[in-house]
>>> print(open('coords.txt').read())   # compact mmCIF, C-alpha atoms
# COMPACT_ATOMS: atom_id res chain seq x y z
CA MET A 255 198.11 -15.86 189.97
CA PRO A 256 194.94 -16.42 187.95
CA ARG A 257 193.79 -19.92 187.61
CA TRP A 258 193.15 -21.39 184.27
CA SER A 259 190.86 -24.16 183.30
CA ARG A 260 189.87 -25.72 180.08
CA LYS A 261 186.39 -26.11 178.70
CA HIS A 262 185.66 -28.35 175.78
CA ASP A 263 183.62 -27.03 172.84
CA ASN A 264 182.90 -29.37 169.99
CA GLY A 265 185.65 -31.59 171.15
CA ARG A 266 188.25 -28.82 171.23
CA PRO A 267 189.76 -27.44 174.44
CA ARG A 268 189.14 -23.70 175.04
CA PRO A 269 190.97 -21.79 177.77
CA THR A 270 188.88 -19.73 180.14
CA ARG A 271 189.95 -17.27 182.77
CA ARG A 272 188.40 -17.25 186.19
CA GLY A 273 188.90 -15.18 189.26
CA ARG A 274 188.43 -11.67 187.77
CA PRO A 275 184.99 -9.99 187.48
CA ALA A 276 183.83 -9.06 183.97
CA ALA A 277 183.88 -5.32 183.05
CA HIS A 278 180.46 -3.57 182.67
CA SER A 279 179.91 -0.96 179.93
CA GLY A 280 177.28 1.86 180.10
CA PHE A 281 176.60 5.61 180.22
CA THR A 282 177.25 7.88 183.12
CA LEU A 283 174.75 10.53 184.25
CA VAL A 284 176.98 13.23 182.78
CA GLU A 285 176.99 11.53 179.38
CA LEU A 286 173.20 11.09 179.44
CA ALA A 287 172.72 14.74 180.39
CA PHE A 288 175.00 15.78 177.53
CA VAL A 289 173.05 13.71 174.99
CA ALA A 290 169.74 15.08 176.30
CA ALA A 291 171.03 18.65 175.93
CA ILE A 292 172.03 17.98 172.31
CA ILE A 293 168.59 16.53 171.54
CA ALA A 294 166.90 19.57 173.11
CA ILE A 295 169.00 21.99 171.05
CA VAL A 296 168.34 20.14 167.80
CA GLY A 297 164.61 20.04 168.60
CA ALA A 298 164.51 23.76 169.36
CA ILE A 299 165.99 24.44 165.91
CA ALA A 300 164.08 21.83 163.91
CA VAL A 301 160.53 22.16 165.31
CA PRO A 302 159.97 25.84 164.35
CA ARG A 303 161.30 25.17 160.87
CA PHE A 304 159.03 22.16 160.48
CA THR A 305 156.03 24.15 161.73
CA ASP A 306 156.76 27.01 159.33
CA ALA A 307 157.12 24.61 156.41
CA HIS A 308 153.83 22.95 157.34
CA LEU A 309 152.00 26.30 157.50
CA ARG A 310 153.36 27.38 154.13
CA ALA A 311 152.37 24.06 152.59
CA SER A 312 148.87 24.42 154.06
CA LEU A 313 148.55 27.94 152.65
CA ALA A 314 149.70 26.80 149.22
CA GLY A 315 147.13 24.00 149.37
CA ALA A 316 144.35 26.51 150.10
CA ALA A 317 145.50 28.65 147.15
CA ASP A 318 145.40 25.53 144.95
CA ARG A 319 141.84 24.80 146.09
CA ILE A 320 140.63 28.34 145.35
CA SER A 321 142.32 28.38 141.93
CA ALA A 322 140.81 24.98 141.08
CA ASP A 323 137.30 26.14 142.07
CA ILE A 324 137.61 29.27 139.95
CA ASP A 325 138.71 27.21 136.95
CA ARG A 326 135.95 24.68 137.61
CA ALA A 327 133.30 27.41 137.57
CA ARG A 328 134.68 28.90 134.35
CA ARG A 329 134.73 25.51 132.59
CA HIS A 330 131.14 24.79 133.62
CA ALA A 331 130.05 28.15 132.21
CA VAL A 332 131.63 27.27 128.86
CA ALA A 333 130.35 23.68 128.82
CA SER A 334 126.75 24.67 129.61
CA GLU A 335 126.85 27.91 127.59
CA SER A 336 125.58 29.60 130.72
CA TYR A 337 127.01 31.60 133.62
CA ALA A 338 129.10 30.80 136.67
CA ALA A 339 130.00 32.98 139.63
CA VAL A 340 132.57 32.76 142.43
CA GLY A 341 131.95 35.07 145.38
CA PHE A 342 134.12 35.92 148.39
CA ASN A 343 133.17 37.02 151.91
CA PRO A 344 136.22 38.07 153.95
CA ALA A 345 134.10 38.96 156.99
CA ASP A 346 132.82 35.38 157.36
CA ASN A 347 135.95 33.77 155.88
CA ARG A 348 134.25 31.83 153.11
CA TYR A 349 133.71 31.75 149.37
CA ALA A 350 130.94 30.26 147.25
CA VAL A 351 130.61 28.85 143.74
CA ALA A 352 127.52 28.40 141.54
CA TRP A 353 126.76 27.82 137.87
CA ASP A 354 123.88 27.17 135.47
CA GLY A 355 121.40 29.39 137.29
CA GLY A 356 122.42 28.03 140.67
CA ALA A 357 121.54 24.43 139.76
CA SER A 358 124.94 23.45 141.14
CA SER A 359 126.47 25.38 144.01
CA TYR A 360 128.54 25.03 147.17
CA ALA A 361 130.33 27.11 149.78
CA VAL A 362 133.82 26.59 151.22
CA GLU A 363 134.68 27.54 154.81
CA LEU A 364 138.30 28.63 154.69
CA GLY A 365 138.83 28.52 158.45
CA GLU A 366 137.94 24.84 158.77
CA SER A 367 140.20 21.81 158.33
CA PRO A 368 142.07 21.05 156.16
CA LEU A 369 142.44 24.60 154.78
CA ARG A 370 142.62 26.67 157.99
CA VAL A 371 143.44 30.02 156.37
CA GLY A 372 141.99 33.49 156.56
CA LEU A 373 140.52 35.44 153.64
CA LYS A 374 141.90 38.95 154.17
CA ALA A 375 140.45 40.81 151.15
CA PHE A 376 138.83 40.54 147.72
CA ARG A 377 139.04 43.30 145.12
CA GLY A 378 137.97 43.78 141.53
CA GLY A 379 135.62 41.26 139.97
CA ASP A 380 132.43 41.87 138.04
CA ARG A 381 130.71 42.82 141.28
CA GLU A 382 132.02 44.03 144.60
CA ASP A 383 132.15 40.51 146.05
CA MET A 384 132.32 38.15 143.07
CA MET A 385 133.66 37.31 139.65
CA ILE A 386 131.28 36.11 136.92
CA PHE A 387 132.15 33.96 133.91
CA GLY A 388 129.97 33.94 130.81
CA PRO A 389 129.49 31.34 128.05
CA THR A 390 132.75 32.44 126.44
CA GLY A 391 134.67 31.60 129.61
CA LEU A 392 135.60 35.22 130.23
CA SER A 393 134.67 37.62 133.00
CA ALA A 394 134.29 41.34 132.43
CA PHE A 395 137.01 42.29 134.92
CA SER A 396 140.10 40.82 136.52
CA SER A 397 140.24 40.45 140.30
CA GLY A 398 142.41 39.44 143.23
CA LEU A 399 142.34 38.22 146.80
CA VAL A 400 144.66 37.70 149.77
CA ILE A 401 144.71 34.65 152.04
CA SER A 402 146.98 34.08 155.04
CA ASN A 403 147.81 31.98 158.08
CA ARG A 404 150.44 32.25 160.81
CA GLY A 405 153.17 31.20 158.40
CA ALA A 406 152.74 33.55 155.44
CA ALA A 407 150.30 35.22 153.06
CA ILE A 408 149.50 34.80 149.37
CA LEU A 409 148.15 37.36 146.91
CA ILE A 410 146.17 35.56 144.18
CA LEU A 411 145.50 37.53 141.00
CA VAL A 412 142.81 36.27 138.60
CA ASP A 413 142.67 37.46 135.00
CA ARG A 414 139.51 37.60 132.87
CA ALA A 415 140.06 34.03 131.63
CA GLY A 416 140.25 32.69 135.19
CA ASN A 417 144.02 32.13 135.12
CA THR A 418 145.68 32.75 138.48
CA THR A 419 149.10 34.00 139.50
CA ARG A 420 150.48 34.21 143.03
CA GLU A 421 152.77 36.31 145.13
CA VAL A 422 153.92 34.93 148.48
CA GLY A 423 154.80 37.30 151.30
CA GLY A 424 155.26 37.29 155.03
CA ASP A 425 152.97 40.24 155.78
CA ALA A 426 149.30 39.92 154.87
CA GLU A 427 148.62 43.63 155.38
CA GLU A 428 151.31 44.58 152.86
CA LEU A 429 149.75 42.29 150.26
CA VAL A 430 146.30 43.74 150.98
CA LYS A 431 147.67 47.24 150.36
CA LYS A 432 149.17 46.06 147.09
CA LEU A 433 145.83 44.51 146.12
CA GLU A 434 144.03 47.77 146.88
CA LEU A 435 146.46 49.69 144.68
CA LEU A 436 145.84 47.28 141.81
CA PHE A 437 142.06 47.56 142.16
CA THR A 438 141.30 51.05 143.40
CA ALA A 439 137.52 50.81 142.99
CA PRO A 440 135.04 47.97 142.41
CA PRO A 441 133.12 47.97 139.12
CA GLU A 442 129.56 49.24 139.15
CA ASP A 443 126.77 46.65 139.19
CA ASP A 444 124.48 46.62 136.18
CA GLU A 445 121.27 45.16 137.54
CA ASP A 446 119.20 46.20 134.47
CA ASP A 447 121.33 44.10 132.13
CA GLU A 448 121.07 41.12 134.46
CA GLU A 449 117.30 41.17 134.46
CA SER A 450 116.69 42.04 130.80
CA GLY A 451 118.50 39.32 128.90
CA GLY A 452 115.77 36.72 128.39
CA SER A 453 116.66 33.22 129.54
CA SER A 454 120.36 34.07 129.66
CA GLY A 455 119.71 37.07 131.83
CA GLY A 456 117.55 34.95 134.12
CA LEU A 457 120.29 32.33 134.49
CA LEU A 458 122.81 35.03 135.31
CA SER A 459 120.52 36.61 137.87
CA GLU A 460 119.78 33.26 139.54
CA THR A 461 123.46 32.35 139.63
CA ILE A 462 124.33 35.64 141.31
CA LYS A 463 121.50 35.27 143.81
CA THR A 464 122.61 31.73 144.68
CA VAL A 465 126.18 32.81 145.38
CA SER A 466 125.00 35.81 147.40
CA GLY A 467 122.80 33.52 149.47
CA LEU A 468 125.71 31.18 150.21
CA LEU A 469 127.98 34.03 151.22
>>> encode(input="coords.txt", output="C-alpha cells")
Amino acid sequence: MPRWSRKHDNGRPRPTRRGRPAAHSGFTLVELAFVAAIIAIVGAIAVPRFTDAHLRASLAGAADRISADIDRARRHAVASESYAAVGFNPADNRYAVAWDGGASSYAVELGESPLRVGLKAFRGGDREDMMIFGPTGLSAFSSGLVISNRGAAILILVDRAGNTTREVGGDAEELVKKLELLFTAPPEDDEDDEESGGSSGGLLSETIKTVSGLL
C-alpha cells in the first residue's frame, strides 16, 4: 500500500505520493526516424521549387536591368538632343551603353553577380549589334534579344521608342528561333551618313565607336 505524507505549502497541507517512480516521456528511435523521413520528403519537394523560383526571379531582374538601361539611354538622347546607343555582344555575354558622343558610357557583364544570366542572341537594331536612339527618342528599327539561365529564358522585344515587351519560356533555343523569324536580316550600316552630319554626325559616330569599344 502506498504511503502518504503531507507537505505544507503556504500553510496548507498538500498530499504527496511516494514509493512509485515518476513516468518519463520522450521519443523512440522509430518515431525519430519517421519524423526525419517526413522532413527529407518535404525538403526534396520544396528545395527544387525554391531554386526554380529563385532562378526565375533572377532572370526577371536581369530583364528589368536591361530594359532600364535601354530607357535610360533613350532619355539621355532626348535630354541632350544627341545620340545614345546600346550594343549587345552574345559571344562575350555583355552589353554596353553610351550617349552624348561617348561622354558617358559603361558596360554590363551579364554573367557576373547579381545578374548571372546568359545573352543568347540579339537581332534587329540600327546596326548588327546595337540599337541607336536619336534626339527624338526614336531608333530607326525595332530589335530583340534573348537571355536565359538554368531556370528559364526571356525574349525581350524593343520597339523604336525603346519600350520593351517580354515572353517567358523554358527553352532558350526556341525563343532564339522565334527571334530570328521576327528579324530575318540585320539592317545595313550607313557609315556615310554617320560621318557627314556635322557635329551631330560626329556625336553619333563617337557614340557608336564608344559602344563598339566596350563590347
>>> atom_distance(input="coords.txt", atom1="CA of Gly388 (chain A)", atom2="CA of Asn343 (chain A)")
21.6 Å
>>> closest_residue(input="coords.txt", among="A:Val340, A:Ala316, A:Leu411, A:Ala406", to="Glu382 (chain A)", atoms="only C-alpha atoms")
A:Val340
>>> residues_around(input="coords.txt", residues="Thr464 (chain A)", least_positions_apart="2", cutoff="10 Å", atoms="only C-alpha atoms", output="list in words")
Ala339, Gly341, Ala350, Val351, Ala352, Trp353, Gly355, Gly356, Ala357, Ser358, Ser359, Tyr360, Leu458, Ser459, Glu460, Thr461, Ile462, Ser466, Gly467, Leu468 and Leu469 of chain A
>>> write_last_selection(input="coords.txt", atoms="C-alpha atoms", output="PDB file, in the frame of the given file")
ATOM      1  CA  ALA A 339     130.000  32.980 139.630  1.00  0.00           C
ATOM      2  CA  GLY A 341     131.950  35.070 145.380  1.00  0.00           C
ATOM      3  CA  ALA A 350     130.940  30.260 147.250  1.00  0.00           C
ATOM      4  CA  VAL A 351     130.610  28.850 143.740  1.00  0.00           C
ATOM      5  CA  ALA A 352     127.520  28.400 141.540  1.00  0.00           C
ATOM      6  CA  TRP A 353     126.760  27.820 137.870  1.00  0.00           C
ATOM      7  CA  GLY A 355     121.400  29.390 137.290  1.00  0.00           C
ATOM      8  CA  GLY A 356     122.420  28.030 140.670  1.00  0.00           C
ATOM      9  CA  ALA A 357     121.540  24.430 139.760  1.00  0.00           C
ATOM     10  CA  SER A 358     124.940  23.450 141.140  1.00  0.00           C
ATOM     11  CA  SER A 359     126.470  25.380 144.010  1.00  0.00           C
ATOM     12  CA  TYR A 360     128.540  25.030 147.170  1.00  0.00           C
ATOM     13  CA  LEU A 458     122.810  35.030 135.310  1.00  0.00           C
ATOM     14  CA  SER A 459     120.520  36.610 137.870  1.00  0.00           C
ATOM     15  CA  GLU A 460     119.780  33.260 139.540  1.00  0.00           C
ATOM     16  CA  THR A 461     123.460  32.350 139.630  1.00  0.00           C
ATOM     17  CA  ILE A 462     124.330  35.640 141.310  1.00  0.00           C
ATOM     18  CA  SER A 466     125.000  35.810 147.400  1.00  0.00           C
ATOM     19  CA  GLY A 467     122.800  33.520 149.470  1.00  0.00           C
ATOM     20  CA  LEU A 468     125.710  31.180 150.210  1.00  0.00           C
ATOM     21  CA  LEU A 469     127.980  34.030 151.220  1.00  0.00           C
TER      22      LEU A 469
END
>>> residues_near_point(input="coords.txt", point="(141.7, 33.6, 131.3)", cutoff="10 Å", atoms="only C-alpha atoms", output="VMD selection string")
chain A and resid 325 328 387 391 to 393 396 412 to 418
>>> closest_residue(input="coords.txt", among="A:Leu309, A:Leu433, A:Val422, A:Ala361", to="Gly398 (chain A)", atoms="all atoms listed in the file")
A:Leu433
>>> closest_residue(input="coords.txt", among="A:Gly424, A:Gly378, A:Pro389, A:Gly455", to="Leu436 (chain A)", atoms="all atoms listed in the file")
A:Gly378
>>> atom_distance(input="coords.txt", atom1="CA of Asn347 (chain A)", atom2="CA of Ile320 (chain A)")
12.7 Å
>>> closest_residue(input="coords.txt", among="A:Ile386, A:Leu409, A:Ala311, A:Ala290", to="Ser336 (chain A)", atoms="all atoms listed in the file")
A:Ile386
>>> build_atoms(input="coords.txt", residues="region 384-418 of chain A", atoms="N, CA and C atoms", output="PDB file, keeping the file's coordinate frame")
ATOM      1  N   MET A 384     132.236  39.365 143.874  1.00  0.00           N
ATOM      2  CA  MET A 384     132.320  38.150 143.070  1.00  0.00           C
ATOM      3  C   MET A 384     132.808  38.396 141.660  1.00  0.00           C
ATOM      4  N   MET A 385     133.304  37.322 141.064  1.00  0.00           N
ATOM      5  CA  MET A 385     133.660  37.310 139.650  1.00  0.00           C
ATOM      6  C   MET A 385     132.645  36.432 138.923  1.00  0.00           C
ATOM      7  N   ILE A 386     132.314  36.810 137.683  1.00  0.00           N
ATOM      8  CA  ILE A 386     131.280  36.110 136.920  1.00  0.00           C
ATOM      9  C   ILE A 386     131.853  35.723 135.560  1.00  0.00           C
ATOM     10  N   PHE A 387     131.684  34.454 135.203  1.00  0.00           N
ATOM     11  CA  PHE A 387     132.150  33.960 133.910  1.00  0.00           C
ATOM     12  C   PHE A 387     130.947  33.668 133.022  1.00  0.00           C
ATOM     13  N   GLY A 388     131.041  34.157 131.770  1.00  0.00           N
ATOM     14  CA  GLY A 388     129.970  33.940 130.810  1.00  0.00           C
ATOM     15  C   GLY A 388     130.218  32.732 129.936  1.00  0.00           C
ATOM     16  N   PRO A 389     129.357  32.498 128.946  1.00  0.00           N
ATOM     17  CA  PRO A 389     129.490  31.340 128.050  1.00  0.00           C
ATOM     18  C   PRO A 389     130.814  31.293 127.301  1.00  0.00           C
ATOM     19  N   THR A 390     131.455  32.426 127.125  1.00  0.00           N
ATOM     20  CA  THR A 390     132.750  32.440 126.440  1.00  0.00           C
ATOM     21  C   THR A 390     133.897  32.051 127.358  1.00  0.00           C
ATOM     22  N   GLY A 391     133.624  31.928 128.658  1.00  0.00           N
ATOM     23  CA  GLY A 391     134.670  31.600 129.610  1.00  0.00           C
ATOM     24  C   GLY A 391     135.437  32.801 130.114  1.00  0.00           C
ATOM     25  N   LEU A 392     134.936  33.995 129.798  1.00  0.00           N
ATOM     26  CA  LEU A 392     135.600  35.220 130.230  1.00  0.00           C
ATOM     27  C   LEU A 392     134.727  35.976 131.220  1.00  0.00           C
ATOM     28  N   SER A 393     135.373  36.680 132.136  1.00  0.00           N
ATOM     29  CA  SER A 393     134.670  37.620 133.000  1.00  0.00           C
ATOM     30  C   SER A 393     134.929  39.028 132.470  1.00  0.00           C
ATOM     31  N   ALA A 394     134.140  39.971 132.930  1.00  0.00           N
ATOM     32  CA  ALA A 394     134.290  41.340 132.430  1.00  0.00           C
ATOM     33  C   ALA A 394     135.507  42.038 133.025  1.00  0.00           C
ATOM     34  N   PHE A 395     135.911  41.626 134.223  1.00  0.00           N
ATOM     35  CA  PHE A 395     137.010  42.290 134.920  1.00  0.00           C
ATOM     36  C   PHE A 395     137.926  41.264 135.562  1.00  0.00           C
ATOM     37  N   SER A 396     139.182  41.632 135.732  1.00  0.00           N
ATOM     38  CA  SER A 396     140.100  40.820 136.520  1.00  0.00           C
ATOM     39  C   SER A 396     139.863  41.090 137.997  1.00  0.00           C
ATOM     40  N   SER A 397     140.478  40.299 138.855  1.00  0.00           N
ATOM     41  CA  SER A 397     140.240  40.450 140.300  1.00  0.00           C
ATOM     42  C   SER A 397     141.419  39.892 141.074  1.00  0.00           C
ATOM     43  N   GLY A 398     141.334  39.967 142.381  1.00  0.00           N
ATOM     44  CA  GLY A 398     142.410  39.440 143.230  1.00  0.00           C
ATOM     45  C   GLY A 398     141.938  39.269 144.660  1.00  0.00           C
ATOM     46  N   LEU A 399     142.662  38.461 145.396  1.00  0.00           N
ATOM     47  CA  LEU A 399     142.340  38.220 146.800  1.00  0.00           C
ATOM     48  C   LEU A 399     143.609  37.892 147.572  1.00  0.00           C
ATOM     49  N   VAL A 400     143.527  38.005 148.891  1.00  0.00           N
ATOM     50  CA  VAL A 400     144.660  37.700 149.770  1.00  0.00           C
ATOM     51  C   VAL A 400     144.192  36.707 150.819  1.00  0.00           C
ATOM     52  N   ILE A 401     144.960  35.612 150.977  1.00  0.00           N
ATOM     53  CA  ILE A 401     144.710  34.650 152.040  1.00  0.00           C
ATOM     54  C   ILE A 401     145.978  34.553 152.901  1.00  0.00           C
ATOM     55  N   SER A 402     145.822  34.147 154.159  1.00  0.00           N
ATOM     56  CA  SER A 402     146.980  34.080 155.040  1.00  0.00           C
ATOM     57  C   SER A 402     146.747  33.095 156.169  1.00  0.00           C
ATOM     58  N   ASN A 403     147.848  32.673 156.804  1.00  0.00           N
ATOM     59  CA  ASN A 403     147.810  31.980 158.080  1.00  0.00           C
ATOM     60  C   ASN A 403     149.011  32.468 158.893  1.00  0.00           C
ATOM     61  N   ARG A 404     149.350  31.776 159.964  1.00  0.00           N
ATOM     62  CA  ARG A 404     150.440  32.250 160.810  1.00  0.00           C
ATOM     63  C   ARG A 404     151.807  32.153 160.133  1.00  0.00           C
ATOM     64  N   GLY A 405     151.886  31.383 159.051  1.00  0.00           N
ATOM     65  CA  GLY A 405     153.170  31.200 158.400  1.00  0.00           C
ATOM     66  C   GLY A 405     153.492  32.216 157.326  1.00  0.00           C
ATOM     67  N   ALA A 406     152.496  32.643 156.566  1.00  0.00           N
ATOM     68  CA  ALA A 406     152.740  33.550 155.440  1.00  0.00           C
ATOM     69  C   ALA A 406     151.411  34.034 154.891  1.00  0.00           C
ATOM     70  N   ALA A 407     151.488  34.730 153.758  1.00  0.00           N
ATOM     71  CA  ALA A 407     150.300  35.220 153.060  1.00  0.00           C
ATOM     72  C   ALA A 407     150.520  35.070 151.568  1.00  0.00           C
ATOM     73  N   ILE A 408     149.419  34.943 150.831  1.00  0.00           N
ATOM     74  CA  ILE A 408     149.500  34.800 149.370  1.00  0.00           C
ATOM     75  C   ILE A 408     148.507  35.765 148.725  1.00  0.00           C
ATOM     76  N   LEU A 409     148.993  36.522 147.759  1.00  0.00           N
ATOM     77  CA  LEU A 409     148.150  37.360 146.910  1.00  0.00           C
ATOM     78  C   LEU A 409     147.866  36.561 145.637  1.00  0.00           C
ATOM     79  N   ILE A 410     146.584  36.311 145.373  1.00  0.00           N
ATOM     80  CA  ILE A 410     146.170  35.560 144.180  1.00  0.00           C
ATOM     81  C   ILE A 410     145.503  36.532 143.216  1.00  0.00           C
ATOM     82  N   LEU A 411     146.071  36.677 142.033  1.00  0.00           N
ATOM     83  CA  LEU A 411     145.500  37.530 141.000  1.00  0.00           C
ATOM     84  C   LEU A 411     144.819  36.652 139.957  1.00  0.00           C
ATOM     85  N   VAL A 412     143.610  37.050 139.545  1.00  0.00           N
ATOM     86  CA  VAL A 412     142.810  36.270 138.600  1.00  0.00           C
ATOM     87  C   VAL A 412     142.529  37.134 137.371  1.00  0.00           C
ATOM     88  N   ASP A 413     142.946  36.673 136.192  1.00  0.00           N
ATOM     89  CA  ASP A 413     142.670  37.460 135.000  1.00  0.00           C
ATOM     90  C   ASP A 413     141.274  37.131 134.469  1.00  0.00           C
ATOM     91  N   ARG A 414     140.878  37.747 133.387  1.00  0.00           N
ATOM     92  CA  ARG A 414     139.510  37.600 132.870  1.00  0.00           C
ATOM     93  C   ARG A 414     139.211  36.173 132.423  1.00  0.00           C
ATOM     94  N   ALA A 415     140.251  35.409 132.066  1.00  0.00           N
ATOM     95  CA  ALA A 415     140.060  34.030 131.630  1.00  0.00           C
ATOM     96  C   ALA A 415     140.130  33.038 132.796  1.00  0.00           C
ATOM     97  N   GLY A 416     140.210  33.554 134.031  1.00  0.00           N
ATOM     98  CA  GLY A 416     140.250  32.690 135.190  1.00  0.00           C
ATOM     99  C   GLY A 416     141.621  32.159 135.543  1.00  0.00           C
ATOM    100  N   ASN A 417     142.655  32.559 134.809  1.00  0.00           N
ATOM    101  CA  ASN A 417     144.020  32.130 135.120  1.00  0.00           C
ATOM    102  C   ASN A 417     144.511  32.860 136.371  1.00  0.00           C
ATOM    103  N   THR A 418     145.227  32.143 137.221  1.00  0.00           N
ATOM    104  CA  THR A 418     145.680  32.750 138.480  1.00  0.00           C
ATOM    105  C   THR A 418     147.196  32.806 138.541  1.00  0.00           C
TER     106      THR A 418
END
